[in-house]
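Below is the file start_33.cif, which contains mmCIF, C-alpha atoms.
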```
data_start
loop_
_atom_site.label_atom_id
_atom_site.label_comp_id
_atom_site.auth_asym_id
_atom_site.auth_seq_id
_atom_site.Cartn_x
_atom_site.Cartn_y
_atom_site.Cartn_z
CA MET K 37 146.91 224.50 22.78
CA ASN K 38 145.37 221.79 24.97
CA ASN K 39 147.12 218.55 25.95
CA PHE K 40 145.28 216.51 23.29
CA PHE K 41 146.62 218.61 20.41
CA LYS K 42 150.09 218.84 22.01
CA SER K 43 150.17 215.04 21.94
CA LEU K 44 149.59 215.10 18.18
CA THR K 45 152.70 217.21 17.52
CA GLY K 46 155.35 215.22 15.72
CA LEU K 47 153.07 212.47 14.51
CA SER K 48 153.26 211.48 10.87
CA SER K 49 150.43 212.32 8.50
CA VAL K 50 149.40 208.64 8.43
CA SER K 51 149.25 208.52 12.22
CA LEU K 52 147.13 211.67 12.30
CA ILE K 53 144.63 210.15 9.85
CA ILE K 54 144.31 207.05 12.04
CA VAL K 55 143.68 209.17 15.14
CA PHE K 56 140.92 211.21 13.50
CA ILE K 57 139.23 208.11 12.01
CA ALA K 58 139.18 206.51 15.46
CA CYS K 59 137.64 209.65 16.98
CA ASN K 60 135.00 209.79 14.26
CA ASN K 61 134.06 206.11 14.67
CA SER K 62 133.80 206.58 18.42
CA GLY K 63 131.30 209.39 17.85
CA GLU K 64 129.21 207.21 15.52
CA ALA K 65 129.08 204.42 18.12
CA ALA K 66 127.93 206.85 20.78
CA ALA K 67 125.20 208.17 18.49
CA THR K 68 124.00 204.61 17.82
CA ASP K 69 123.90 203.82 21.53
CA ASN K 70 121.84 206.94 22.19
CA LYS K 71 119.38 205.99 19.43
CA GLU K 72 118.90 202.53 20.92
CA THR K 73 118.21 204.04 24.32
CA LYS K 74 115.72 206.49 22.83
CA ASP K 75 113.89 203.74 20.91
CA SER K 76 113.57 201.45 23.95
CA THR K 77 110.08 200.01 24.45
CA THR K 78 110.40 200.19 28.23
CA THR K 79 109.32 203.42 29.93
CA SER K 80 110.99 205.00 32.93
CA ASP K 81 108.26 203.64 35.22
CA GLY K 82 108.76 200.05 34.04
CA PHE K 83 105.96 199.65 31.50
CA VAL K 84 106.66 197.71 28.31
CA GLN K 85 105.10 198.71 25.00
CA MET K 86 102.95 195.85 23.68
CA PHE K 87 102.05 197.36 20.28
CA ASP K 88 104.44 199.10 17.89
CA GLY K 89 101.69 201.22 16.31
CA LYS K 90 102.40 199.89 12.83
CA THR K 91 102.09 196.09 12.73
CA LEU K 92 100.62 193.14 14.61
CA ASN K 93 104.12 191.89 15.44
CA GLY K 94 103.98 190.26 18.87
CA TRP K 95 100.33 189.31 18.44
CA LYS K 96 98.47 186.46 16.76
CA GLY K 97 94.91 186.50 15.51
CA ASP K 98 92.61 186.16 12.51
CA THR K 99 93.43 189.03 10.15
CA ALA K 100 89.95 188.75 8.67
CA TYR K 101 88.85 190.54 11.86
CA TRP K 102 91.99 192.28 13.14
CA ARG K 103 94.16 194.93 11.48
CA VAL K 104 96.29 198.00 12.19
CA GLU K 105 94.94 201.34 11.02
CA ASN K 106 96.03 204.90 11.88
CA GLY K 107 98.32 203.64 14.64
CA GLU K 108 95.55 201.61 16.28
CA ILE K 109 94.62 197.95 16.60
CA VAL K 110 91.18 197.56 15.03
CA GLY K 111 88.85 194.61 15.55
CA GLU K 112 85.85 194.56 13.26
CA VAL K 113 83.01 192.21 12.35
CA THR K 114 80.95 192.94 9.23
CA PRO K 115 77.98 191.20 7.56
CA ALA K 116 80.37 190.22 4.77
CA LYS K 117 82.58 188.39 7.30
CA PRO K 118 80.29 186.89 9.94
CA LEU K 119 81.81 185.39 13.09
CA LYS K 120 80.82 181.97 14.48
CA ASN K 121 82.75 182.15 17.77
CA ASN K 122 84.24 184.97 19.79
CA THR K 123 87.76 185.45 18.48
CA PHE K 124 90.82 186.99 20.08
CA LEU K 125 93.99 188.82 19.18
CA ILE K 126 96.48 187.17 21.52
CA TRP K 127 99.67 188.79 22.82
CA THR K 128 102.65 186.45 22.41
CA GLY K 129 104.89 188.24 24.91
CA GLY K 130 104.33 185.80 27.76
CA GLU K 131 101.83 184.62 30.36
CA PRO K 132 101.83 187.34 33.02
CA ALA K 133 101.00 186.51 36.63
CA ASP K 134 101.14 189.75 38.65
CA PHE K 135 100.97 192.79 36.38
CA GLU K 136 99.51 196.19 35.60
CA PHE K 137 98.03 196.65 32.12
CA LYS K 138 96.86 199.90 30.59
CA ALA K 139 95.44 200.93 27.22
CA GLU K 140 92.99 203.22 25.48
CA PHE K 141 89.90 201.90 23.71
CA LYS K 142 87.00 203.11 21.62
CA ILE K 143 84.02 200.94 20.69
CA ASN K 144 80.96 201.58 18.56
CA PRO K 145 77.49 201.48 20.21
CA GLU K 146 76.75 197.96 18.93
CA GLY K 147 80.14 196.57 19.92
CA ASN K 148 81.14 193.97 22.49
CA SER K 149 84.78 193.41 23.42
CA GLY K 150 87.09 193.04 26.39
CA VAL K 151 90.64 192.44 27.56
CA GLN K 152 91.35 188.84 28.50
CA TYR K 153 94.05 188.07 31.06
CA ARG K 154 95.36 185.06 32.96
CA SER K 155 93.65 183.12 30.18
CA GLU K 156 94.30 179.90 28.29
CA GLU K 157 93.82 178.99 24.65
CA LEU K 158 91.19 176.38 23.85
CA LYS K 159 92.43 173.32 22.00
CA ASP K 160 89.27 172.68 20.01
CA ILE K 161 88.47 176.26 18.86
CA PRO K 162 91.20 178.29 17.13
CA LEU K 163 92.03 181.66 18.72
CA ALA K 164 89.46 181.24 21.50
CA LEU K 165 90.32 182.01 25.12
CA LYS K 166 89.07 181.00 28.54
CA GLY K 167 89.72 183.16 31.57
CA TYR K 168 89.23 186.52 33.27
CA GLN K 169 87.99 189.42 31.17
CA ALA K 170 87.80 193.13 31.79
CA ASP K 171 84.54 193.62 29.93
CA ILE K 172 83.92 196.40 27.39
CA ASP K 173 80.71 197.06 25.45
CA GLY K 174 79.44 199.94 23.33
CA ALA K 175 76.27 200.45 25.36
CA ASN K 176 78.40 200.55 28.56
CA THR K 177 76.11 198.05 30.24
CA TYR K 178 79.02 195.84 31.26
CA THR K 179 82.14 197.98 30.77
CA GLY K 180 84.43 197.65 33.77
CA GLN K 181 83.05 194.42 35.19
CA ASN K 182 84.98 191.17 35.71
CA TYR K 183 83.63 188.36 33.54
CA GLU K 184 85.09 184.88 33.11
CA GLU K 185 84.93 183.88 29.45
CA ARG K 186 83.89 180.22 29.01
CA GLY K 187 83.98 179.78 32.78
CA ARG K 188 82.00 181.03 35.76
CA GLY K 189 80.48 183.98 33.91
CA PHE K 190 79.78 187.20 35.85
CA LEU K 191 82.29 187.48 38.69
CA ALA K 192 82.12 191.13 39.77
CA MET K 193 79.57 193.49 38.31
CA ARG K 194 80.41 197.16 37.87
CA GLY K 195 80.35 198.83 41.29
CA GLN K 196 80.92 195.61 43.23
CA ILE K 197 83.70 194.40 45.51
CA VAL K 198 83.38 190.63 45.67
CA GLU K 199 84.93 187.49 47.08
CA LEU K 200 84.79 184.28 45.06
CA LYS K 201 84.57 180.87 46.72
CA ALA K 202 84.29 177.37 45.28
CA GLY K 203 80.71 176.28 44.64
CA GLU K 204 79.21 179.63 45.68
CA LYS K 205 77.85 182.66 43.87
CA PRO K 206 80.04 185.79 44.10
CA ILE K 207 79.82 187.26 47.61
CA VAL K 208 79.44 191.06 47.52
CA THR K 209 81.56 192.50 50.31
CA GLY K 210 81.48 196.20 49.41
CA SER K 211 80.37 198.88 46.98
CA LEU K 212 82.27 201.23 44.68
CA GLY K 213 79.12 203.14 43.76
CA SER K 214 76.04 202.39 41.69
CA SER K 215 76.48 200.95 38.22
CA ASP K 216 74.68 203.95 36.70
CA SER K 217 76.86 206.52 38.49
CA LEU K 218 79.99 204.76 37.29
CA LYS K 219 78.57 204.40 33.78
CA ALA K 220 78.26 208.19 33.60
CA LEU K 221 82.08 208.39 33.79
CA ILE K 222 82.54 206.27 30.62
CA LYS K 223 82.51 208.14 27.30
CA PRO K 224 80.31 206.45 24.67
CA ASN K 225 81.80 205.97 21.20
CA ASP K 226 84.92 207.86 22.30
CA TRP K 227 88.37 207.12 23.73
CA ASN K 228 88.54 205.79 27.29
CA THR K 229 91.43 204.42 29.33
CA ILE K 230 91.40 200.98 30.91
CA VAL K 231 93.72 199.74 33.64
CA ILE K 232 93.84 196.18 35.01
CA ILE K 233 95.83 195.42 38.16
CA ALA K 234 96.26 191.76 39.10
CA LYS K 235 98.22 190.88 42.25
CA GLY K 236 97.96 187.37 43.62
CA ASN K 237 94.27 186.47 43.67
CA HIS K 238 93.20 190.13 43.79
CA MET K 239 91.99 191.91 40.62
CA LYS K 240 90.97 195.51 40.01
CA HIS K 241 89.50 197.08 36.86
CA TYR K 242 89.70 200.86 36.30
CA ILE K 243 88.07 202.96 33.58
CA ASN K 244 89.24 206.57 33.18
CA GLY K 245 91.07 206.36 36.48
CA VAL K 246 88.03 205.18 38.48
CA LEU K 247 87.83 201.73 40.12
CA MET K 248 84.87 199.94 38.53
CA SER K 249 85.09 196.42 40.01
CA GLU K 250 87.26 194.49 42.44
CA ALA K 251 87.45 190.75 42.96
CA THR K 252 89.34 188.41 45.28
CA ASP K 253 89.31 184.88 43.89
CA ASN K 254 89.52 182.32 46.68
CA ASP K 255 88.11 179.55 44.50
CA SER K 256 91.09 177.19 44.39
CA THR K 257 89.38 174.97 41.81
CA ALA K 258 88.83 177.72 39.21
CA SER K 259 91.16 180.65 39.91
CA LYS K 260 94.09 181.30 37.60
CA ALA K 261 97.46 182.65 38.73
CA LYS K 262 98.82 183.41 35.25
CA GLY K 263 97.96 183.22 31.57
CA VAL K 264 97.85 185.00 28.23
CA ILE K 265 96.44 188.42 27.43
CA GLY K 266 94.07 188.93 24.51
CA LEU K 267 91.64 191.37 22.93
CA GLN K 268 88.15 190.20 21.99
CA VAL K 269 85.72 190.69 19.17
CA HIS K 270 82.36 189.19 20.06
CA VAL K 271 79.88 187.39 17.83
CA MET K 272 77.74 190.27 16.53
CA PRO K 273 76.08 191.15 13.20
CA ALA K 274 78.51 194.07 13.04
CA MET K 275 80.86 195.77 15.48
CA LYS K 276 84.10 197.73 15.68
CA VAL K 277 86.56 198.25 18.53
CA GLU K 278 89.86 200.14 18.52
CA TYR K 279 92.82 199.92 20.92
CA LYS K 280 95.99 202.00 21.25
CA ASN K 281 98.84 202.71 23.68
CA LEU K 282 98.84 199.18 25.10
CA MET K 283 101.39 198.85 27.91
CA ILE K 284 102.17 196.29 30.61
CA LYS K 285 104.35 196.20 33.71
CA MET K 286 105.02 192.72 35.07
CA ASP K 287 106.25 192.01 38.60
#
```
Represent the structure from my file as structure tokens, please.
Amino acid sequence: MNNFFKSLTGLSSVSLIIVFIACNNSGEAAATDNKETKDSTTTSDGFVQMFDGKTLNGWKGDTAYWRVENGEIVGEVTPAKPLKNNTFLIWTGGEPADFEFKAEFKINPEGNSGVQYRSEELKDIPLALKGYQADIDGANTYTGQNYEERGRGFLAMRGQIVELKAGEKPIVTGSLGSSDSLKALIKPNDWNTIVIIAKGNHMKHYINGVLMSEATDNDSTASKAKGVIGLQVHVMPAMKVEYKNLMIKMD
């Protein structure tokens, strides 16, 4: 007989019942704690889950164009619901400054989308954003480039390393390969991974693990140090884009 059961000898039946109830409750509490740990939205490497796979909780957007389907965020424009302005599904989890973002996307051949970051909402157009965009399009003409929505336009084309200065066109300082060779690494109408790394004024866009564009923004009049993240559906006769496994790690 171990010491625990020796200690129970001589206790009344009422006392024994109390002891066993306490032990049972302690086990239930431990099980609950373990469940909470298991269900945590933060991974071991510090990434936070941005999408629960079931709802648009934590996001705001026009549900005429955005929905959840099969565990994915779907943005779709149809002839029955034409779009007058580019519209965005905006993450409400903060305005990240330095961060690493990763997700998977699939876009139809006619589609045009992108991931906005360090962006600001426009006051005069609902659910419209201004700021940096990791561009995505179904024809893969622009996928991977850095584009500033409602701002300076093309900042770093696919394959370019650039420096941005006030009042000047982007200065190409290096090459990551030809646009066509990088395009060959992007799967049309299939799932691809996108990673955005923003540190200070330095931004990198990766598709399927390959660096597609890199920009250093030294334009003090136009650069943005922080802002919201959003997903875009572009004005098109019809288009569809899907996103899943959206994660972010903020410094």
Practice prompt. Pull out every residue that the PyMOL selection byres ((chain K and resi 169-185) around 7) matches in the shown coordinates and put them as a PyMOL selection string.
Written response: chain K and resi 143-153+166-168+186-194+219+224-225+241-243+248-249
Residues from last step as file, C-alpha atoms, as an mmCIF file, in the frame of the given file:
```cif
data_model
loop_
_atom_site.group_PDB
_atom_site.id
_atom_site.type_symbol
_atom_site.label_atom_id
_atom_site.label_comp_id
_atom_site.auth_asym_id
_atom_site.auth_seq_id
_atom_site.Cartn_x
_atom_site.Cartn_y
_atom_site.Cartn_z
ATOM 1 C CA ILE K 143 84.020 200.940 20.690
ATOM 2 C CA ASN K 144 80.960 201.580 18.560
ATOM 3 C CA PRO K 145 77.490 201.480 20.210
ATOM 4 C CA GLU K 146 76.750 197.960 18.930
ATOM 5 C CA GLY K 147 80.140 196.570 19.920
ATOM 6 C CA ASN K 148 81.140 193.970 22.490
ATOM 7 C CA SER K 149 84.780 193.410 23.420
ATOM 8 C CA GLY K 150 87.090 193.040 26.390
ATOM 9 C CA VAL K 151 90.640 192.440 27.560
ATOM 10 C CA GLN K 152 91.350 188.840 28.500
ATOM 11 C CA TYR K 153 94.050 188.070 31.060
ATOM 12 C CA LYS K 166 89.070 181.000 28.540
ATOM 13 C CA GLY K 167 89.720 183.160 31.570
ATOM 14 C CA TYR K 168 89.230 186.520 33.270
ATOM 15 C CA ARG K 186 83.890 180.220 29.010
ATOM 16 C CA GLY K 187 83.980 179.780 32.780
ATOM 17 C CA ARG K 188 82.000 181.030 35.760
ATOM 18 C CA GLY K 189 80.480 183.980 33.910
ATOM 19 C CA PHE K 190 79.780 187.200 35.850
ATOM 20 C CA LEU K 191 82.290 187.480 38.690
ATOM 21 C CA ALA K 192 82.120 191.130 39.770
ATOM 22 C CA MET K 193 79.570 193.490 38.310
ATOM 23 C CA ARG K 194 80.410 197.160 37.870
ATOM 24 C CA LYS K 219 78.570 204.400 33.780
ATOM 25 C CA PRO K 224 80.310 206.450 24.670
ATOM 26 C CA ASN K 225 81.800 205.970 21.200
ATOM 27 C CA HIS K 241 89.500 197.080 36.860
ATOM 28 C CA TYR K 242 89.700 200.860 36.300
ATOM 29 C CA ILE K 243 88.070 202.960 33.580
ATOM 30 C CA MET K 248 84.870 199.940 38.530
ATOM 31 C CA SER K 249 85.090 196.420 40.010
#
```
Practice prompt. Grab the CA of Thr91 in chain K to CA of Leu158 in chain K distance for me, in Å with one decimal place.
Written response: 25.1 Å
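Proximity of K:Thr257, K:Phe87, K:Tyr279, K:Leu92 to Thr229 in chain K, computed with only C-alpha atoms, is greatest for K:Tyr279.
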Worksheet item: Which neighbours of Glu204 in chain K fall inside 10 Å, counting only C-alpha atoms, when residues of the same chain fewer than 4 positions from it are skipped, and could you give them as a PyMOL selection string?
Response: chain K and resi 199-200+255
For range 95-112 of chain K, work out the shell of residues within 7 Å, counting all atoms listed in the file and skipping chain neighbours fewer than 4 positions away, then give it as a short mmCIF file (atom, residue, chain, number, x, y, z; two decimals) with C-alpha atoms, keeping the file's coordinate frame.
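And here's out_1.cif as it stands now:
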```cif
data_model
loop_
_atom_site.label_atom_id
_atom_site.label_comp_id
_atom_site.auth_asym_id
_atom_site.auth_seq_id
_atom_site.Cartn_x
_atom_site.Cartn_y
_atom_site.Cartn_z
CA GLY K 89 101.69 201.22 16.31
CA LYS K 90 102.40 199.89 12.83
CA THR K 91 102.09 196.09 12.73
CA PHE K 124 90.82 186.99 20.08
CA LEU K 125 93.99 188.82 19.18
CA ILE K 126 96.48 187.17 21.52
CA TRP K 127 99.67 188.79 22.82
CA THR K 128 102.65 186.45 22.41
CA LEU K 163 92.03 181.66 18.72
CA VAL K 269 85.72 190.69 19.17
CA MET K 275 80.86 195.77 15.48
CA LYS K 276 84.10 197.73 15.68
CA VAL K 277 86.56 198.25 18.53
CA GLU K 278 89.86 200.14 18.52
CA TYR K 279 92.82 199.92 20.92
CA LYS K 280 95.99 202.00 21.25
#
```
Practice prompt. Name the closest residue to Asn93 in chain K among the candidates K:Ser259, K:Ala164, K:Glu136, K:Gly129; distances are taken between atoms, counting all atoms listed in the file.
Written response: K:Gly129
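One finds CA of Gln85 in chain K at 6.3 Å from CA of Leu282 in chain K.
Nearest to Ile207 in chain K of all the residues K:Asn237, K:Asn244, K:Asn254, K:Thr123 is K:Asn254, counting only C-alpha atoms.
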Worksheet item: By how many Å are CA of Leu218 in chain K and CA of Asp253 in chain K apart?
Response: 22.9 Å
Resolved residues for the PyMOL selection byres ((chain K and resi 116) around 12) as a tab-separated table (two decimals) with C-alpha atoms, keeping the file's coordinate frame:
```
chain	number	residue	atom	x	y	z
K	100	ALA	CA	89.95	188.75	8.67
K	101	TYR	CA	88.85	190.54	11.86
K	112	GLU	CA	85.85	194.56	13.26
K	113	VAL	CA	83.01	192.21	12.35
K	114	THR	CA	80.95	192.94	9.23
K	115	PRO	CA	77.98	191.20	7.56
K	117	LYS	CA	82.58	188.39	7.30
K	118	PRO	CA	80.29	186.89	9.94
K	119	LEU	CA	81.81	185.39	13.09
K	273	PRO	CA	76.08	191.15	13.20
K	274	ALA	CA	78.51	194.07	13.04
```
Extract range 123-251 of chain K from the preceding block and save C-alpha atoms as a PDB file, in the first residue's frame.
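Result went into part-v3.pdb, see below:
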```
ATOM      1  CA  THR K 123     -12.852  46.009 -52.546  1.00  0.00           C
ATOM      2  CA  PHE K 124     -10.961  44.412 -49.678  1.00  0.00           C
ATOM      3  CA  LEU K 125     -11.437  41.935 -46.881  1.00  0.00           C
ATOM      4  CA  ILE K 126      -9.605  43.664 -44.041  1.00  0.00           C
ATOM      5  CA  TRP K 127      -7.996  41.905 -41.076  1.00  0.00           C
ATOM      6  CA  THR K 128      -9.013  43.557 -37.794  1.00  0.00           C
ATOM      7  CA  GLY K 129      -6.180  42.073 -35.730  1.00  0.00           C
ATOM      8  CA  GLY K 130      -4.011  45.187 -35.750  1.00  0.00           C
ATOM      9  CA  GLU K 131      -1.740  47.344 -37.896  1.00  0.00           C
ATOM     10  CA  PRO K 132       1.506  45.371 -38.172  1.00  0.00           C
ATOM     11  CA  ALA K 133       4.821  47.169 -38.673  1.00  0.00           C
ATOM     12  CA  ASP K 134       7.566  44.525 -38.923  1.00  0.00           C
ATOM     13  CA  PHE K 135       6.111  41.100 -39.685  1.00  0.00           C
ATOM     14  CA  GLU K 136       6.205  37.900 -41.695  1.00  0.00           C
ATOM     15  CA  PHE K 137       2.967  36.865 -43.413  1.00  0.00           C
ATOM     16  CA  LYS K 138       2.291  33.575 -45.147  1.00  0.00           C
ATOM     17  CA  ALA K 139      -0.709  32.023 -46.887  1.00  0.00           C
ATOM     18  CA  GLU K 140      -1.794  29.815 -49.755  1.00  0.00           C
ATOM     19  CA  PHE K 141      -3.787  31.162 -52.698  1.00  0.00           C
ATOM     20  CA  LYS K 142      -5.480  29.969 -55.858  1.00  0.00           C
ATOM     21  CA  ILE K 143      -6.866  32.318 -58.510  1.00  0.00           C
ATOM     22  CA  ASN K 144      -8.727  31.695 -61.747  1.00  0.00           C
ATOM     23  CA  PRO K 145      -7.109  32.746 -65.062  1.00  0.00           C
ATOM     24  CA  GLU K 146      -9.197  35.935 -65.312  1.00  0.00           C
ATOM     25  CA  GLY K 147      -8.625  36.949 -61.706  1.00  0.00           C
ATOM     26  CA  ASN K 148      -6.777  39.887 -60.181  1.00  0.00           C
ATOM     27  CA  SER K 149      -6.075  40.049 -56.453  1.00  0.00           C
ATOM     28  CA  GLY K 150      -3.309  40.735 -53.955  1.00  0.00           C
ATOM     29  CA  VAL K 151      -2.376  41.010 -50.299  1.00  0.00           C
ATOM     30  CA  GLN K 152      -2.357  44.567 -48.986  1.00  0.00           C
ATOM     31  CA  TYR K 153      -0.100  45.478 -46.063  1.00  0.00           C
ATOM     32  CA  ARG K 154       0.986  48.599 -44.207  1.00  0.00           C
ATOM     33  CA  SER K 155      -2.159  50.068 -45.747  1.00  0.00           C
ATOM     34  CA  GLU K 156      -4.791  52.597 -44.706  1.00  0.00           C
ATOM     35  CA  GLU K 157      -8.529  52.671 -45.240  1.00  0.00           C
ATOM     36  CA  LEU K 158      -9.908  55.407 -47.466  1.00  0.00           C
ATOM     37  CA  LYS K 159     -12.464  57.695 -45.871  1.00  0.00           C
ATOM     38  CA  ASP K 160     -14.500  58.349 -48.998  1.00  0.00           C
ATOM     39  CA  ILE K 161     -14.733  54.784 -50.401  1.00  0.00           C
ATOM     40  CA  PRO K 162     -15.957  51.975 -48.119  1.00  0.00           C
ATOM     41  CA  LEU K 163     -13.606  48.995 -47.732  1.00  0.00           C
ATOM     42  CA  ALA K 164     -10.968  50.481 -50.053  1.00  0.00           C
ATOM     43  CA  LEU K 165      -7.287  50.465 -49.128  1.00  0.00           C
ATOM     44  CA  LYS K 166      -4.199  52.457 -50.024  1.00  0.00           C
ATOM     45  CA  GLY K 167      -0.741  51.001 -49.550  1.00  0.00           C
ATOM     46  CA  TYR K 168       1.732  48.270 -50.463  1.00  0.00           C
ATOM     47  CA  GLN K 169       0.419  45.197 -52.251  1.00  0.00           C
ATOM     48  CA  ALA K 170       1.933  41.821 -52.980  1.00  0.00           C
ATOM     49  CA  ASP K 171       0.301  41.440 -56.368  1.00  0.00           C
ATOM     50  CA  ILE K 172      -1.481  38.278 -57.550  1.00  0.00           C
ATOM     51  CA  ASP K 173      -3.150  37.704 -60.919  1.00  0.00           C
ATOM     52  CA  GLY K 174      -4.481  34.648 -62.733  1.00  0.00           C
ATOM     53  CA  ALA K 175      -2.342  35.163 -65.826  1.00  0.00           C
ATOM     54  CA  ASN K 176       0.747  35.485 -63.575  1.00  0.00           C
ATOM     55  CA  THR K 177       1.799  38.647 -65.356  1.00  0.00           C
ATOM     56  CA  TYR K 178       2.205  40.537 -62.083  1.00  0.00           C
ATOM     57  CA  THR K 179       2.207  37.865 -59.369  1.00  0.00           C
ATOM     58  CA  GLY K 180       5.009  38.522 -56.889  1.00  0.00           C
ATOM     59  CA  GLN K 181       5.615  42.178 -57.675  1.00  0.00           C
ATOM     60  CA  ASN K 182       5.294  45.096 -55.245  1.00  0.00           C
ATOM     61  CA  TYR K 183       2.523  47.493 -56.255  1.00  0.00           C
ATOM     62  CA  GLU K 184       1.242  50.479 -54.301  1.00  0.00           C
ATOM     63  CA  GLU K 185      -2.554  50.594 -54.504  1.00  0.00           C
ATOM     64  CA  ARG K 186      -3.854  54.157 -54.984  1.00  0.00           C
ATOM     65  CA  GLY K 187      -0.314  55.460 -54.628  1.00  0.00           C
ATOM     66  CA  ARG K 188       2.909  55.298 -56.611  1.00  0.00           C
ATOM     67  CA  GLY K 189       1.862  52.283 -58.671  1.00  0.00           C
ATOM     68  CA  PHE K 190       4.533  49.779 -59.750  1.00  0.00           C
ATOM     69  CA  LEU K 191       7.323  49.779 -57.163  1.00  0.00           C
ATOM     70  CA  ALA K 192       9.268  46.570 -57.839  1.00  0.00           C
ATOM     71  CA  MET K 193       8.459  44.381 -60.804  1.00  0.00           C
ATOM     72  CA  ARG K 194       8.924  40.621 -60.565  1.00  0.00           C
ATOM     73  CA  GLY K 195      12.643  39.852 -60.699  1.00  0.00           C
ATOM     74  CA  GLN K 196      13.732  43.304 -59.534  1.00  0.00           C
ATOM     75  CA  ILE K 197      15.607  44.552 -56.483  1.00  0.00           C
ATOM     76  CA  VAL K 198      14.842  48.250 -56.201  1.00  0.00           C
ATOM     77  CA  GLU K 199      15.426  51.346 -54.109  1.00  0.00           C
ATOM     78  CA  LEU K 200      12.681  53.958 -53.864  1.00  0.00           C
ATOM     79  CA  LYS K 201      13.463  57.650 -53.462  1.00  0.00           C
ATOM     80  CA  ALA K 202      11.219  60.703 -53.277  1.00  0.00           C
ATOM     81  CA  GLY K 203      10.378  62.174 -56.677  1.00  0.00           C
ATOM     82  CA  GLU K 204      12.225  59.468 -58.615  1.00  0.00           C
ATOM     83  CA  LYS K 205      11.234  56.350 -60.523  1.00  0.00           C
ATOM     84  CA  PRO K 206      12.187  53.052 -58.836  1.00  0.00           C
ATOM     85  CA  ILE K 207      15.950  52.521 -59.086  1.00  0.00           C
ATOM     86  CA  VAL K 208      16.802  48.928 -60.056  1.00  0.00           C
ATOM     87  CA  THR K 209      19.832  47.862 -58.036  1.00  0.00           C
ATOM     88  CA  GLY K 210      19.863  44.124 -58.734  1.00  0.00           C
ATOM     89  CA  SER K 211      18.170  41.154 -60.381  1.00  0.00           C
ATOM     90  CA  LEU K 212      16.487  38.048 -58.992  1.00  0.00           C
ATOM     91  CA  GLY K 213      16.110  36.513 -62.446  1.00  0.00           C
ATOM     92  CA  SER K 214      13.964  37.240 -65.478  1.00  0.00           C
ATOM     93  CA  SER K 215      10.245  37.723 -65.009  1.00  0.00           C
ATOM     94  CA  ASP K 216       9.531  34.780 -67.325  1.00  0.00           C
ATOM     95  CA  SER K 217      11.859  32.387 -65.484  1.00  0.00           C
ATOM     96  CA  LEU K 218      10.220  33.279 -62.185  1.00  0.00           C
ATOM     97  CA  LYS K 219       6.753  33.021 -63.719  1.00  0.00           C
ATOM     98  CA  ALA K 220       7.508  29.400 -64.615  1.00  0.00           C
ATOM     99  CA  LEU K 221       7.679  28.629 -60.876  1.00  0.00           C
ATOM    100  CA  ILE K 222       4.085  29.821 -60.265  1.00  0.00           C
ATOM    101  CA  LYS K 223       1.323  27.245 -60.758  1.00  0.00           C
ATOM    102  CA  PRO K 224      -1.605  28.602 -62.810  1.00  0.00           C
ATOM    103  CA  ASN K 225      -5.111  27.981 -61.455  1.00  0.00           C
ATOM    104  CA  ASP K 226      -3.630  25.930 -58.604  1.00  0.00           C
ATOM    105  CA  TRP K 227      -2.478  26.419 -55.015  1.00  0.00           C
ATOM    106  CA  ASN K 228       0.650  28.514 -54.446  1.00  0.00           C
ATOM    107  CA  THR K 229       2.256  29.835 -51.272  1.00  0.00           C
ATOM    108  CA  ILE K 230       2.946  33.513 -50.682  1.00  0.00           C
ATOM    109  CA  VAL K 231       5.252  34.976 -48.056  1.00  0.00           C
ATOM    110  CA  ILE K 232       5.710  38.689 -47.314  1.00  0.00           C
ATOM    111  CA  ILE K 233       8.551  39.841 -45.066  1.00  0.00           C
ATOM    112  CA  ALA K 234       8.562  43.502 -44.021  1.00  0.00           C
ATOM    113  CA  LYS K 235      11.375  44.772 -41.789  1.00  0.00           C
ATOM    114  CA  GLY K 236      11.849  48.503 -41.429  1.00  0.00           C
ATOM    115  CA  ASN K 237      11.734  49.977 -44.923  1.00  0.00           C
ATOM    116  CA  HIS K 238      12.753  46.681 -46.537  1.00  0.00           C
ATOM    117  CA  MET K 239      10.131  44.420 -48.181  1.00  0.00           C
ATOM    118  CA  LYS K 240      10.434  40.990 -49.773  1.00  0.00           C
ATOM    119  CA  HIS K 241       7.787  38.972 -51.634  1.00  0.00           C
ATOM    120  CA  TYR K 242       8.166  35.195 -52.057  1.00  0.00           C
ATOM    121  CA  ILE K 243       6.070  32.797 -54.131  1.00  0.00           C
ATOM    122  CA  ASN K 244       6.540  29.050 -53.558  1.00  0.00           C
ATOM    123  CA  GLY K 245       9.669  29.746 -51.549  1.00  0.00           C
ATOM    124  CA  VAL K 246      11.362  31.851 -54.256  1.00  0.00           C
ATOM    125  CA  LEU K 247      12.112  35.576 -53.830  1.00  0.00           C
ATOM    126  CA  MET K 248      10.168  37.395 -56.555  1.00  0.00           C
ATOM    127  CA  SER K 249      10.745  41.074 -55.714  1.00  0.00           C
ATOM    128  CA  GLU K 250      12.601  43.148 -53.143  1.00  0.00           C
ATOM    129  CA  ALA K 251      12.187  46.826 -52.352  1.00  0.00           C
TER     130      ALA K 251
END
```
